[in-house]
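S.K.: Below is the file query.csv, which contains CSV, C-alpha atoms and all ligand atoms.
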```
chain,number,residue,atom,x,y,z
J,1,MET,CA,-16.3,32.4,76.3
J,2,ILE,CA,-15.6,34.3,73.0
J,3,LYS,CA,-18.7,36.0,71.4
J,4,VAL,CA,-19.0,36.6,67.7
J,5,ALA,CA,-21.6,37.9,65.3
J,6,ILE,CA,-22.6,37.1,61.7
J,7,LEU,CA,-23.7,39.8,59.4
J,8,GLY,CA,-26.0,38.2,56.8
J,9,HIS,CA,-27.9,34.9,56.8
J,10,GLY,CA,-27.7,33.9,53.2
J,11,THR,CA,-25.9,30.9,51.8
J,12,VAL,CA,-22.6,31.6,53.4
J,13,GLY,CA,-23.9,33.2,56.5
J,14,SER,CA,-26.1,30.2,57.4
J,15,GLY,CA,-23.1,28.0,56.6
J,16,VAL,CA,-21.0,30.0,59.1
J,17,TYR,CA,-23.5,29.3,61.8
J,18,GLU,CA,-23.7,25.7,60.9
J,19,VAL,CA,-19.9,25.2,61.0
J,20,PHE,CA,-19.8,26.8,64.5
J,21,ASP,CA,-22.6,24.5,65.6
J,22,MET,CA,-21.3,21.3,63.9
J,23,ASN,CA,-17.6,21.8,65.0
J,24,ALA,CA,-18.1,23.5,68.4
J,25,ALA,CA,-15.9,21.2,70.4
J,26,LYS,CA,-13.1,21.2,67.8
J,27,ILE,CA,-13.2,25.0,67.5
J,28,ALA,CA,-13.2,25.5,71.3
J,29,GLU,CA,-10.2,23.2,71.6
J,30,ALA,CA,-8.3,25.1,68.9
J,31,VAL,CA,-8.9,28.6,70.3
J,32,GLY,CA,-8.7,27.6,74.0
J,33,GLN,CA,-12.3,28.4,74.9
J,34,PRO,CA,-15.9,28.0,73.6
J,35,VAL,CA,-17.1,30.4,70.9
J,36,GLU,CA,-20.7,31.6,70.9
J,37,VAL,CA,-22.5,33.2,68.0
J,38,LYS,CA,-24.2,35.9,70.0
J,39,TYR,CA,-26.0,37.7,67.1
J,40,VAL,CA,-27.0,37.1,63.5
J,41,LEU,CA,-27.9,40.3,61.6
J,42,ASP,CA,-30.6,40.0,58.9
J,43,LEU,CA,-33.7,42.0,58.1
J,44,ARG,CA,-35.7,38.9,57.2
J,45,ASP,CA,-37.7,36.8,59.7
J,46,PHE,CA,-35.9,33.7,60.9
J,47,SER,CA,-37.8,33.3,64.2
J,48,HIS,CA,-38.7,29.7,63.2
J,49,LEU,CA,-35.1,28.6,63.4
J,50,PRO,CA,-33.8,26.9,66.7
J,51,TYR,CA,-31.5,29.9,67.0
J,52,GLY,CA,-34.2,32.4,66.0
J,53,ASP,CA,-33.6,34.4,69.2
J,54,LYS,CA,-30.1,35.5,68.1
J,55,PHE,CA,-31.4,37.5,65.1
J,56,VAL,CA,-31.2,41.3,65.2
J,57,SER,CA,-32.1,43.8,62.5
J,58,ASP,CA,-30.2,46.8,63.9
J,59,PHE,CA,-26.5,46.7,63.4
J,60,SER,CA,-25.8,49.1,66.2
J,61,VAL,CA,-26.7,46.4,68.7
J,62,ILE,CA,-23.7,44.5,67.5
J,63,GLU,CA,-21.5,47.6,67.1
J,64,ASN,CA,-22.2,48.7,70.7
J,65,ASP,CA,-21.8,45.3,72.3
J,66,PRO,CA,-18.2,45.2,73.7
J,67,GLU,CA,-18.5,41.4,74.2
J,68,VAL,CA,-18.5,40.8,70.5
J,69,THR,CA,-14.9,40.8,69.4
J,70,VAL,CA,-15.1,39.2,65.9
J,71,VAL,CA,-17.6,39.7,63.1
J,72,ALA,CA,-18.3,37.7,60.0
J,73,GLU,CA,-19.4,39.9,57.1
J,74,VAL,CA,-21.1,37.6,54.7
J,75,MET,CA,-23.7,40.0,53.3
J,76,GLY,CA,-22.1,40.7,50.0
J,77,GLY,CA,-22.1,43.9,48.0
J,78,THR,CA,-20.4,47.2,48.8
J,79,GLY,CA,-23.2,49.2,50.4
J,80,ALA,CA,-24.2,48.2,53.9
J,81,ALA,CA,-21.4,45.6,53.9
J,82,TYR,CA,-18.9,48.4,53.5
J,83,GLU,CA,-20.5,50.6,56.2
J,84,PHE,CA,-20.8,47.8,58.7
J,85,THR,CA,-17.3,46.5,58.1
J,86,LYS,CA,-15.9,50.0,58.7
J,87,ARG,CA,-18.0,50.5,61.8
J,88,SER,CA,-17.1,47.1,63.2
J,89,LEU,CA,-13.3,47.7,62.7
J,90,MET,CA,-13.6,51.2,64.2
J,91,ALA,CA,-15.4,49.7,67.2
J,92,GLY,CA,-12.3,47.4,67.7
J,93,LYS,CA,-13.8,44.2,66.3
J,94,SER,CA,-12.0,42.1,63.7
J,95,VAL,CA,-13.9,41.4,60.5
J,96,CYS,CA,-13.6,38.2,58.4
J,97,THR,CA,-15.3,38.0,55.1
J,98,SER,CA,-16.1,36.1,51.9
J,99,ASN,CA,-17.0,39.4,50.1
J,100,LYS,CA,-14.7,39.6,47.2
J,101,GLU,CA,-16.4,42.6,45.7
J,102,LEU,CA,-15.7,44.6,48.8
J,103,VAL,CA,-12.1,43.3,49.3
J,104,ALA,CA,-11.3,44.0,45.6
J,105,THR,CA,-12.7,47.5,45.5
J,106,ARG,CA,-12.0,48.8,49.0
J,107,GLY,CA,-9.7,46.3,50.6
J,108,ASP,CA,-6.8,48.8,50.8
J,109,GLU,CA,-8.9,51.3,52.7
J,110,LEU,CA,-10.4,48.7,55.1
J,111,LEU,CA,-7.0,47.2,55.8
J,112,LYS,CA,-5.7,50.6,56.8
J,113,ILE,CA,-8.7,51.1,59.1
J,114,ALA,CA,-8.1,47.6,60.6
J,115,GLU,CA,-4.4,48.6,61.2
J,116,GLU,CA,-5.3,51.9,62.9
J,117,ASN,CA,-7.7,50.0,65.2
J,118,ASN,CA,-5.2,47.2,65.8
J,119,VAL,CA,-7.7,44.5,64.6
J,120,ASN,CA,-7.8,42.1,61.7
J,121,TYR,CA,-9.6,42.3,58.4
J,122,LEU,CA,-9.2,38.8,56.9
J,123,PHE,CA,-10.7,37.4,53.7
J,124,GLU,CA,-9.4,33.9,52.9
J,125,ALA,CA,-12.9,32.9,51.7
J,126,SER,CA,-13.0,35.7,49.1
J,127,VAL,CA,-10.8,33.7,46.6
J,128,GLY,CA,-11.2,30.0,46.0
J,129,GLY,CA,-14.0,29.5,48.6
J,130,GLY,CA,-12.8,26.7,50.9
J,131,ILE,CA,-9.3,26.3,49.3
J,132,PRO,CA,-6.5,27.5,51.6
J,133,LEU,CA,-4.9,29.9,49.2
J,134,LEU,CA,-4.3,33.5,50.4
J,135,ARG,CA,-2.5,32.5,53.6
J,136,PRO,CA,-0.3,29.9,52.0
J,137,MET,CA,0.6,32.4,49.2
J,138,MET,CA,1.5,35.1,51.7
J,139,GLN,CA,3.2,32.9,54.3
J,140,CYS,CA,4.5,29.7,52.8
J,141,LEU,CA,5.5,31.3,49.5
J,142,ALA,CA,6.7,34.5,51.2
J,143,ALA,CA,10.3,33.9,50.2
J,144,ASN,CA,9.4,33.9,46.5
J,145,GLU,CA,8.9,36.6,43.9
J,146,ILE,CA,5.5,35.6,42.3
J,147,VAL,CA,6.1,35.4,38.6
J,148,GLU,CA,2.6,34.3,37.4
J,149,ILE,CA,-0.8,33.3,38.8
J,150,ARG,CA,-3.3,31.5,36.6
J,151,GLY,CA,-6.4,29.8,37.7
J,152,ILE,CA,-10.0,28.7,37.4
J,153,LEU,CA,-11.5,31.1,39.9
J,154,ASN,CA,-15.2,30.8,39.4
J,155,GLY,CA,-17.1,27.6,40.2
J,156,THR,CA,-20.3,28.6,38.4
J,157,THR,CA,-18.7,29.1,35.0
J,158,ASN,CA,-16.5,26.0,35.4
J,159,TYR,CA,-19.7,24.0,36.2
J,160,ILE,CA,-21.4,25.4,33.1
J,161,LEU,CA,-18.4,24.7,30.9
J,162,THR,CA,-18.1,21.2,32.3
J,163,GLN,CA,-21.8,20.5,31.5
J,164,MET,CA,-21.3,21.9,28.0
J,165,ILE,CA,-18.1,19.8,27.4
J,166,GLN,CA,-19.2,16.5,28.9
J,167,ASN,CA,-22.9,16.5,28.3
J,168,GLY,CA,-23.5,18.9,25.5
J,169,VAL,CA,-25.9,20.8,27.8
J,170,ALA,CA,-26.9,24.3,26.5
J,171,PHE,CA,-25.5,27.3,28.4
J,172,GLU,CA,-28.9,28.5,29.9
J,173,ASP,CA,-29.8,25.0,31.2
J,174,ALA,CA,-26.4,24.6,32.8
J,175,LEU,CA,-26.7,28.0,34.4
J,176,LYS,CA,-30.1,27.1,35.9
J,177,GLN,CA,-28.5,24.0,37.5
J,178,ALA,CA,-25.7,26.0,39.0
J,179,GLN,CA,-28.1,28.5,40.5
J,180,ALA,CA,-30.2,25.6,41.9
J,181,ASN,CA,-27.1,24.2,43.6
J,182,GLY,CA,-26.4,27.6,45.3
J,183,TYR,CA,-23.1,28.2,43.4
J,184,ALA,CA,-24.1,31.3,41.4
J,185,GLU,CA,-24.1,34.8,42.7
J,186,LYS,CA,-27.6,36.4,43.2
J,187,ASP,CA,-27.1,38.1,39.9
J,188,PRO,CA,-25.5,35.5,37.6
J,189,THR,CA,-24.1,38.3,35.4
J,190,ALA,CA,-21.2,38.6,37.8
J,191,ASP,CA,-20.3,34.9,37.2
J,192,ILE,CA,-20.9,34.5,33.5
J,193,GLU,CA,-19.5,37.9,32.4
J,194,GLY,CA,-16.3,37.1,34.4
J,195,HIS,CA,-16.6,39.9,37.0
J,196,ASP,CA,-16.4,37.5,39.9
J,197,ALA,CA,-13.2,36.0,38.6
J,198,CYS,CA,-11.9,39.5,37.9
J,199,ARG,CA,-12.4,40.5,41.5
J,200,LYS,CA,-10.6,37.4,42.6
J,201,ILE,CA,-7.6,37.8,40.3
J,202,SER,CA,-7.5,41.5,41.4
J,203,ILE,CA,-7.2,40.4,45.1
J,204,LEU,CA,-4.6,37.8,44.3
J,205,SER,CA,-2.6,40.5,42.4
J,206,ASP,CA,-3.0,43.0,45.2
J,207,LEU,CA,-1.5,40.5,47.6
J,208,ALA,CA,1.2,39.1,45.3
J,209,PHE,CA,2.4,42.4,43.9
J,210,GLY,CA,1.6,44.8,46.8
J,211,ASP,CA,-0.5,47.4,45.1
J,212,LYS,CA,-4.2,47.8,44.3
J,213,PHE,CA,-5.4,46.4,41.0
J,214,ASN,CA,-8.8,48.1,40.4
J,215,PRO,CA,-11.2,45.4,39.0
J,216,ASP,CA,-12.9,48.0,36.9
J,217,GLU,CA,-9.6,48.4,35.0
J,218,VAL,CA,-8.6,44.8,34.7
J,219,PRO,CA,-9.7,43.5,31.2
J,220,CYS,CA,-12.5,41.0,31.7
J,221,GLU,CA,-14.3,38.7,29.3
J,222,GLY,CA,-16.8,36.0,30.4
J,223,ILE,CA,-18.2,32.8,28.8
J,224,THR,CA,-21.4,34.1,27.3
J,225,LYS,CA,-20.1,34.0,23.7
J,226,ILE,CA,-18.8,30.4,23.9
J,227,THR,CA,-20.8,28.1,21.8
J,228,LEU,CA,-21.1,24.3,21.8
J,229,GLU,CA,-19.5,24.5,18.3
J,230,ASP,CA,-16.3,26.0,19.8
J,231,ILE,CA,-16.3,23.4,22.7
J,232,LYS,CA,-16.4,20.6,20.0
J,233,GLN,CA,-13.7,22.2,17.8
J,234,ALA,CA,-11.4,22.7,20.8
J,235,GLU,CA,-12.0,19.1,21.8
J,236,LYS,CA,-11.0,17.9,18.3
J,237,LEU,CA,-7.8,19.9,18.5
J,238,GLY,CA,-7.0,18.4,21.9
J,239,TYR,CA,-8.0,21.3,24.2
J,240,ALA,CA,-10.6,22.1,26.8
J,241,VAL,CA,-12.2,25.6,27.1
J,242,LYS,CA,-11.8,27.2,30.6
J,243,LEU,CA,-12.3,30.6,32.0
J,244,ILE,CA,-9.0,31.7,33.4
J,245,GLY,CA,-7.9,34.6,35.6
J,246,ARG,CA,-4.3,35.4,35.0
J,247,ALA,CA,-1.6,37.8,36.3
J,248,VAL,CA,1.9,37.8,34.7
J,249,LYS,CA,4.7,39.8,36.1
J,250,CYS,CA,6.9,41.4,33.4
J,251,ASP,CA,10.6,42.3,33.6
J,252,ASP,CA,9.7,46.0,33.9
J,253,GLY,CA,7.9,45.2,37.1
J,254,LYS,CA,4.5,45.8,35.5
J,255,VAL,CA,1.8,43.1,35.5
J,256,TYR,CA,-0.6,41.8,32.8
J,257,ALA,CA,-3.8,40.9,34.7
J,258,TYR,CA,-7.0,39.8,33.0
J,259,VAL,CA,-9.8,37.3,32.8
J,260,ALA,CA,-10.8,35.5,29.6
J,261,PRO,CA,-11.8,32.1,28.2
J,262,HIS,CA,-8.7,30.1,27.1
J,263,LEU,CA,-8.1,26.9,25.3
J,264,ILE,CA,-6.0,24.6,27.5
J,265,ASP,CA,-4.1,21.6,26.4
J,266,LYS,CA,-5.9,18.5,27.7
J,267,HIS,CA,-2.8,17.3,29.4
J,268,HIS,CA,-2.4,20.5,31.4
J,269,PRO,CA,-3.5,20.1,35.1
J,270,LEU,CA,-6.0,22.9,34.8
J,271,ALA,CA,-7.8,21.1,31.9
J,272,SER,CA,-9.0,18.3,34.2
J,273,VAL,CA,-10.5,20.7,36.8
J,274,GLU,CA,-14.3,20.0,36.5
J,275,ASP,CA,-17.6,21.1,37.9
J,276,VAL,CA,-17.6,23.6,40.8
J,277,PHE,CA,-14.0,23.0,41.5
J,278,ASN,CA,-11.4,25.8,41.3
J,279,ALA,CA,-7.7,25.4,40.8
J,280,ILE,CA,-5.0,28.1,41.0
J,281,MET,CA,-1.4,27.7,39.9
J,282,ILE,CA,1.1,30.1,41.5
J,283,ASP,CA,4.5,30.3,39.9
J,284,GLY,CA,7.2,31.4,42.4
J,285,ASN,CA,10.7,32.2,41.3
J,286,ALA,CA,12.1,29.7,43.9
J,287,THR,CA,9.3,27.0,44.0
J,288,GLY,CA,8.2,26.9,40.4
J,289,ASP,CA,4.5,26.1,39.9
J,290,VAL,CA,2.4,25.3,43.1
J,291,MET,CA,-1.2,24.2,42.5
J,292,PHE,CA,-4.1,24.7,44.9
J,293,TYR,CA,-7.3,22.7,44.2
J,294,GLY,CA,-10.7,22.4,45.9
J,295,LYS,CA,-14.3,23.5,46.0
J,296,GLY,CA,-14.4,27.2,45.0
J,297,ALA,CA,-18.0,27.8,45.9
J,298,GLY,CA,-20.8,26.4,48.1
J,299,LYS,CA,-22.1,27.0,51.5
J,300,LEU,CA,-20.0,24.9,53.9
J,301,ALA,CA,-16.8,25.0,51.9
J,302,THR,CA,-16.8,28.8,51.9
J,303,ALA,CA,-18.1,29.1,55.5
J,304,SER,CA,-15.2,26.9,56.7
J,305,ALA,CA,-12.7,29.5,55.4
J,306,VAL,CA,-14.6,32.4,57.1
J,307,VAL,CA,-14.7,30.5,60.4
J,308,ALA,CA,-11.0,29.6,60.2
J,309,ASP,CA,-10.2,33.3,59.7
J,310,MET,CA,-12.4,34.1,62.8
J,311,MET,CA,-10.5,31.5,64.8
J,312,ASP,CA,-7.2,33.1,63.6
J,313,SER,CA,-8.5,36.5,64.7
J,314,ILE,CA,-9.3,35.2,68.1
J,315,ALA,CA,-5.9,33.5,68.4
J,316,HIS,CA,-4.1,36.7,67.2
J,317,SER,CA,-6.2,39.2,69.2
J,318,GLU,CA,-3.1,40.5,70.8
J,319,LYS,CA,-1.0,40.8,67.7
J,320,ARG,CA,-2.8,41.4,64.5
J,321,ARG,CA,-2.0,39.8,61.1
J,322,ASP,CA,0.0,42.3,59.0
J,323,VAL,CA,-1.7,42.3,55.7
J,324,SER,CA,-1.9,45.4,53.4
J,325,TRP,CA,-1.3,46.8,49.9
J,326,GLY,CA,-1.0,50.2,48.3
J,327,SER,CA,-3.8,52.3,47.0
J,328,GLY,CA,-2.8,52.0,43.3
J,329,GLU,CA,0.0,54.7,43.3
J,330,LYS,CA,2.4,52.3,41.5
J,331,HIS,CA,0.1,51.8,38.5
J,332,LEU,CA,1.3,48.2,38.0
J,333,LEU,CA,-1.4,47.2,35.5
J,334,LYS,CA,0.0,46.8,32.0
J,335,SER,CA,-2.1,46.8,28.9
J,336,ILE,CA,-2.5,43.3,27.5
J,337,ASP,CA,-2.1,44.6,23.9
J,338,THR,CA,1.6,43.6,24.1
J,339,LEU,CA,0.9,40.2,25.7
J,340,SER,CA,2.0,37.4,23.3
J,341,SER,CA,0.1,34.1,23.0
J,342,LYS,CA,-0.9,31.4,20.5
J,343,TRP,CA,-4.6,31.7,19.5
J,344,TYR,CA,-7.5,29.6,18.5
J,345,VAL,CA,-9.5,31.2,15.7
J,346,ARG,CA,-12.7,30.1,13.9
J,347,MET,CA,-13.9,32.0,10.9
J,348,GLN,CA,-17.5,31.7,9.8
J,349,GLY,CA,-18.2,28.4,8.1
J,350,GLU,CA,-14.7,27.1,8.8
J,351,GLU,CA,-13.2,24.7,11.3
J,352,GLY,CA,-11.3,26.1,14.3
J,353,LYS,CA,-7.5,26.6,13.8
J,354,ILE,CA,-4.5,27.2,16.0
J,355,MET,CA,-2.6,30.3,15.0
J,356,PRO,CA,1.1,31.0,15.8
J,357,GLU,CA,2.1,33.3,18.6
J,358,MET,CA,1.3,37.0,18.3
J,359,THR,CA,0.4,39.9,20.6
J,360,THR,CA,-3.2,40.7,21.6
J,361,ALA,CA,-3.1,43.9,19.5
J,362,GLU,CA,-2.1,41.9,16.4
J,363,ALA,CA,-4.7,39.2,17.0
J,364,ASN,CA,-7.4,41.8,17.5
J,365,LYS,CA,-6.5,43.3,14.1
J,366,GLN,CA,-6.0,40.1,12.2
J,367,PHE,CA,-9.0,38.2,13.5
J,368,ALA,CA,-11.5,41.1,13.8
J,369,GLN,CA,-13.9,39.2,11.5
J,370,ALA,CA,-13.6,35.8,13.3
J,371,GLU,CA,-16.7,34.0,14.7
J,372,SER,CA,-14.5,33.3,17.7
J,373,CYS,CA,-11.0,33.9,18.9
J,374,MET,CA,-9.5,32.6,22.2
J,375,ARG,CA,-6.1,32.7,23.7
J,376,ILE,CA,-4.2,29.4,24.3
J,377,LEU,CA,-2.6,28.9,27.7
H,401,LIG,N1,-20.3,32.6,42.4
H,401,LIG,C1,-19.0,32.2,42.9
H,401,LIG,C2,-18.5,31.1,42.1
H,401,LIG,C3,-19.1,31.9,44.4
H,401,LIG,O1,-19.3,30.5,41.3
H,401,LIG,O2,-17.3,30.8,42.1
H,401,LIG,C4,-17.8,31.7,45.1
H,401,LIG,O3,-17.0,32.9,45.0
```
Represent the structure contained in this file as structure tokens.
Ligand code: HSE
M.R.:
Amino acid sequence: MIKVAILGHGTVGSGVYEVFDMNAAKIAEAVGQPVEVKYVLDLRDFSHLPYGDKFVSDFSVIENDPEVTVVAEVMGGTGAAYEFTKRSLMAGKSVCTSNKELVATRGDELLKIAEENNVNYLFEASVGGGIPLLRPMMQCLAANEIVEIRGILNGTTNYILTQMIQNGVAFEDALKQAQANGYAEKDPTADIEGHDACRKISILSDLAFGDKFNPDEVPCEGITKITLEDIKQAEKLGYAVKLIGRAVKCDDGKVYAYVAPHLIDKHHPLASVEDVFNAIMIDGNATGDVMFYGKGAGKLATASAVVADMMDSIAHSEKRRDVSWGSGEKHLLKSIDTLSSKWYVRMQGEEGKIMPEMTTAEANKQFAQAESCMRIL
């Protein structure tokens, strides 16, 4: 019998318990023995639940229990989540997480600690929710140089934009619906200002290019300035408005990485990605574009990726997965000032227009007075 623990009983944490419960037989068969959730860490009172006796509020109970070999960190944030992850790894327990903020900001350090303690730190659920993405990128596309990554990486904003495009729903109402459905982060600022997508493109870049991309340095713009007028104008011109996270490798080895709303031709596969769905296109120099599509947020979809990582940790308890990246010494991030694109521009009182290709620096100068200005993918 394998014993595991779950740190946090929010949306994803309760989903992790549910997946273990719902698929117990399948999971036991896959890892060769039954898996029991021995503890759930949460400060709140969940004694009314059928598994209420598993709750503990003191992390050291889990830390000091040698029976627990794998831990799911689904608390979020970088405070207690960081401390408990570090202590779990140092106690010889593998940690699997959906916490993109922690992976994006301190993943390099936590991966080193995991290596020193010969355990796993896995985070498939941190990007794309339930979509198998990081492992296929690192394993199945391993023979490629990654040339470009572009994707819809945030379910909440894609849901909001879809409501605006299809139903003419105002931004605030669509946000409320997304929160009611459990898609949005606790503080929706992280979704609507693009920070969540920024953490995800940073993690993808860390893995694809082998060095840390600090999310605080990656240029990031959300969807709060997009109006129904721009959605209508884009539609008329044959485009959909989408929030895109993008990383482009240049010939000098540097990388443009950023998050911003883009206009996407309606025939482009990313244009038809709707609601809470995410889609990520990875362009390998041998494969060309490969596209990953699925639910990027939501309780069970995200939990399924966390549990799969836990199963992988159990299966590889003898030989850990070799995942790592540098701590930013290579300074790979390149200023997007020199990135060239076509642009959508709308001046006050005028219709939106498509402008010819020019660099970001030129566009910023030329369209400084515009009501709105978005890159075209
Ligand atoms: N708030 C995130 C989203 C959750 O909407 O995509 C999944 O990371």
S.K.: Skip stretch 359-365 of chain J itself and residues of its chain fewer than 5 positions away, then list as a PDB file with C-alpha atoms, in the coordinates of the input all residues within 7 Å of it, counting all atoms listed in the file.
M.R.:
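Wrote it out as out-v6.pdb, contents follow:
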```pdb
ATOM      1  CA  ILE J 336      -2.500  43.300  27.500  1.00  0.00           C
ATOM      2  CA  ASP J 337      -2.100  44.600  23.900  1.00  0.00           C
ATOM      3  CA  THR J 338       1.600  43.600  24.100  1.00  0.00           C
ATOM      4  CA  LEU J 339       0.900  40.200  25.700  1.00  0.00           C
ATOM      5  CA  SER J 340       2.000  37.400  23.300  1.00  0.00           C
ATOM      6  CA  SER J 341       0.100  34.100  23.000  1.00  0.00           C
TER       7      SER J 341
END
```
S.K.: Please provide the set of residues having any atom within 12 Å of J:Ile264, restricted to all atoms listed in the file, with same-chain residues fewer than 2 positions apart removed, written as a PyMOL selection string.
M.R.: chain J and resi 150-152+231+234-235+237-244+261-262+266-273+342-344+354+374-377
S.K.: Any idea what's packed within 12 Å of J:Glu329, counting all atoms listed in the file, ignoring anything in its chain fewer than 5 positions away? Could you give it as a ChimeraX atom specification?
M.R.: /J:108,210-214
S.K.: Could you produce a table of the residues of chain J lying within 8 Å of ligand LIG 401 (chain H), with the nearest pair of atoms per residue and their separation in Å rounded to one decimal, using all atoms listed in the file, ordered by chain and increasing residue number, as a Markdown table?
M.R.:
```
| residue | atom | partner | partner_atom | distance |
| --- | --- | --- | --- | --- |
| J:Ser98 | CA | H:LIG401 | O3 | 7.7 |
| J:Lys100 | CA | H:LIG401 | O3 | 7.4 |
| J:Ala125 | CA | H:LIG401 | O3 | 7.9 |
| J:Ser126 | CA | H:LIG401 | O3 | 6.4 |
| J:Val127 | CA | H:LIG401 | O3 | 6.5 |
| J:Gly128 | CA | H:LIG401 | O3 | 6.6 |
| J:Gly129 | CA | H:LIG401 | C4 | 5.6 |
| J:Leu153 | CA | H:LIG401 | O2 | 6.2 |
| J:Asn154 | CA | H:LIG401 | O2 | 3.4 |
| J:Gly155 | CA | H:LIG401 | O2 | 3.7 |
| J:Thr156 | CA | H:LIG401 | O1 | 3.6 |
| J:Thr157 | CA | H:LIG401 | O1 | 6.5 |
| J:Asn158 | CA | H:LIG401 | O1 | 7.9 |
| J:Tyr183 | CA | H:LIG401 | O1 | 4.9 |
| J:Ala184 | CA | H:LIG401 | N1 | 4.1 |
| J:Glu185 | CA | H:LIG401 | N1 | 4.4 |
| J:Pro188 | CA | H:LIG401 | N1 | 7.6 |
| J:Ala190 | CA | H:LIG401 | N1 | 7.6 |
| J:Asp191 | CA | H:LIG401 | N1 | 5.7 |
| J:Asp196 | CA | H:LIG401 | C1 | 6.6 |
| J:Ala197 | CA | H:LIG401 | O2 | 7.5 |
| J:Val276 | CA | H:LIG401 | O1 | 7.1 |
| J:Asn278 | CA | H:LIG401 | O2 | 7.8 |
| J:Gly296 | CA | H:LIG401 | O2 | 5.5 |
| J:Ala297 | CA | H:LIG401 | C4 | 4.0 |
| J:Gly298 | CA | H:LIG401 | C4 | 6.8 |
| J:Thr302 | CA | H:LIG401 | C4 | 7.5 |
```
S.K.: Please measure the separation of atom CA of J:Gly77 and atom CA of J:Ser202, giving the value in Å to one decimal.
M.R.: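 Taking atom CA of J:Gly77 as the start and atom CA of J:Ser202 as the end point, the length is 16.2 Å.
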S.K.: As an exercise, work out the distance from atom CA of J:Val290 to atom CA of J:Ala143 in Å and give it to one decimal place.
M.R.: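 Spanning atom CA of J:Val290 to atom CA of J:Ala143 is a straight-line distance of 13.7 Å.
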S.K.: Please write as a ChimeraX atom specification the list of polymer residues whose atoms come within 10 Å of (-28.4, 47.0, 62.4), counting only C-alpha atoms and keeping to the coordinates of the file.
M.R.: /J:7,41-43,56-63,80,84
S.K.: If you measure from atom CA of J:Phe123 to atom CA of J:Thr97, what distance in Å do you get, rounded to one decimal?
M.R.: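 Here the two named atoms are 4.8 Å from each other.
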S.K.: Per residue of stretch 74-117 of chain J within 12 Å of stretch 13-30 of chain J, what are the shortest atom pair and its distance in Å to one decimal, counting all atoms listed in the file, with rows by chain and residue number, as CSV?
M.R.:
```
residue,atom,partner,partner_atom,distance
J:Val74,CA,J:Gly13,CA,5.5
J:Met75,CA,J:Gly13,CA,7.5
J:Gly76,CA,J:Gly13,CA,10.1
J:Cys96,CA,J:Val16,CA,11.1
J:Thr97,CA,J:Gly13,CA,9.9
J:Ser98,CA,J:Gly13,CA,9.5
J:Asn99,CA,J:Gly13,CA,11.3
```
S.K.: Which is closer to J:Gly10 than all the others in J:Leu300, J:Val71, J:Leu122, J:Cys220, using all atoms listed in the file?
M.R.: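 Residue with the minimum atom-to-atom distance to J:Gly10: J:Leu300.
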S.K.: At a cut-off of 7 Å, using only C-alpha atoms, what residues contact stretch 248-256 of chain J? Leave out same-chain residues fewer than 5 positions from it and give the result as a ChimeraX atom specification.
M.R.: /J:147-149,332-336
S.K.: Can you write out the residues you just picked, keeping C-alpha atoms, as a PDB file, keeping the file's coordinate frame?
M.R.:
```pdb
ATOM      1  CA  VAL J 147       6.100  35.400  38.600  1.00  0.00           C
ATOM      2  CA  GLU J 148       2.600  34.300  37.400  1.00  0.00           C
ATOM      3  CA  ILE J 149      -0.800  33.300  38.800  1.00  0.00           C
ATOM      4  CA  LEU J 332       1.300  48.200  38.000  1.00  0.00           C
ATOM      5  CA  LEU J 333      -1.400  47.200  35.500  1.00  0.00           C
ATOM      6  CA  LYS J 334       0.000  46.800  32.000  1.00  0.00           C
ATOM      7  CA  SER J 335      -2.100  46.800  28.900  1.00  0.00           C
ATOM      8  CA  ILE J 336      -2.500  43.300  27.500  1.00  0.00           C
TER       9      ILE J 336
END
```
S.K.: Near J:Lys3, within 8 Å and counting only C-alpha atoms, which residues show up once chain neighbours fewer than 2 positions away are dropped, as a list in words?
M.R.: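 Selected residues are Met1, Ala5, Val35, Glu36, Val37, Lys38, Glu67, Val68, Thr69 and Val70 of chain J.
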S.K.: Of the residues J:Ala178, J:Ser205, J:Val4, J:Val12, which is the one nearest to J:Tyr39, using all atoms listed in the file?
M.R.: J:Val4
S.K.: Rank J:Glu124, J:Glu172, J:Asp206, J:Glu350 by their smallest atom-to-atom distance to J:Ala301, using only C-alpha atoms, and report the top residue only.
M.R.: J:Glu124
S.K.: Looking at all atoms listed in the file, which of J:Leu263, J:Gly79, J:Gly8, J:Lys353 is the one that sits closest to J:Phe46?
M.R.: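 The shortest atom-to-atom distance to J:Phe46 comes from J:Gly8.
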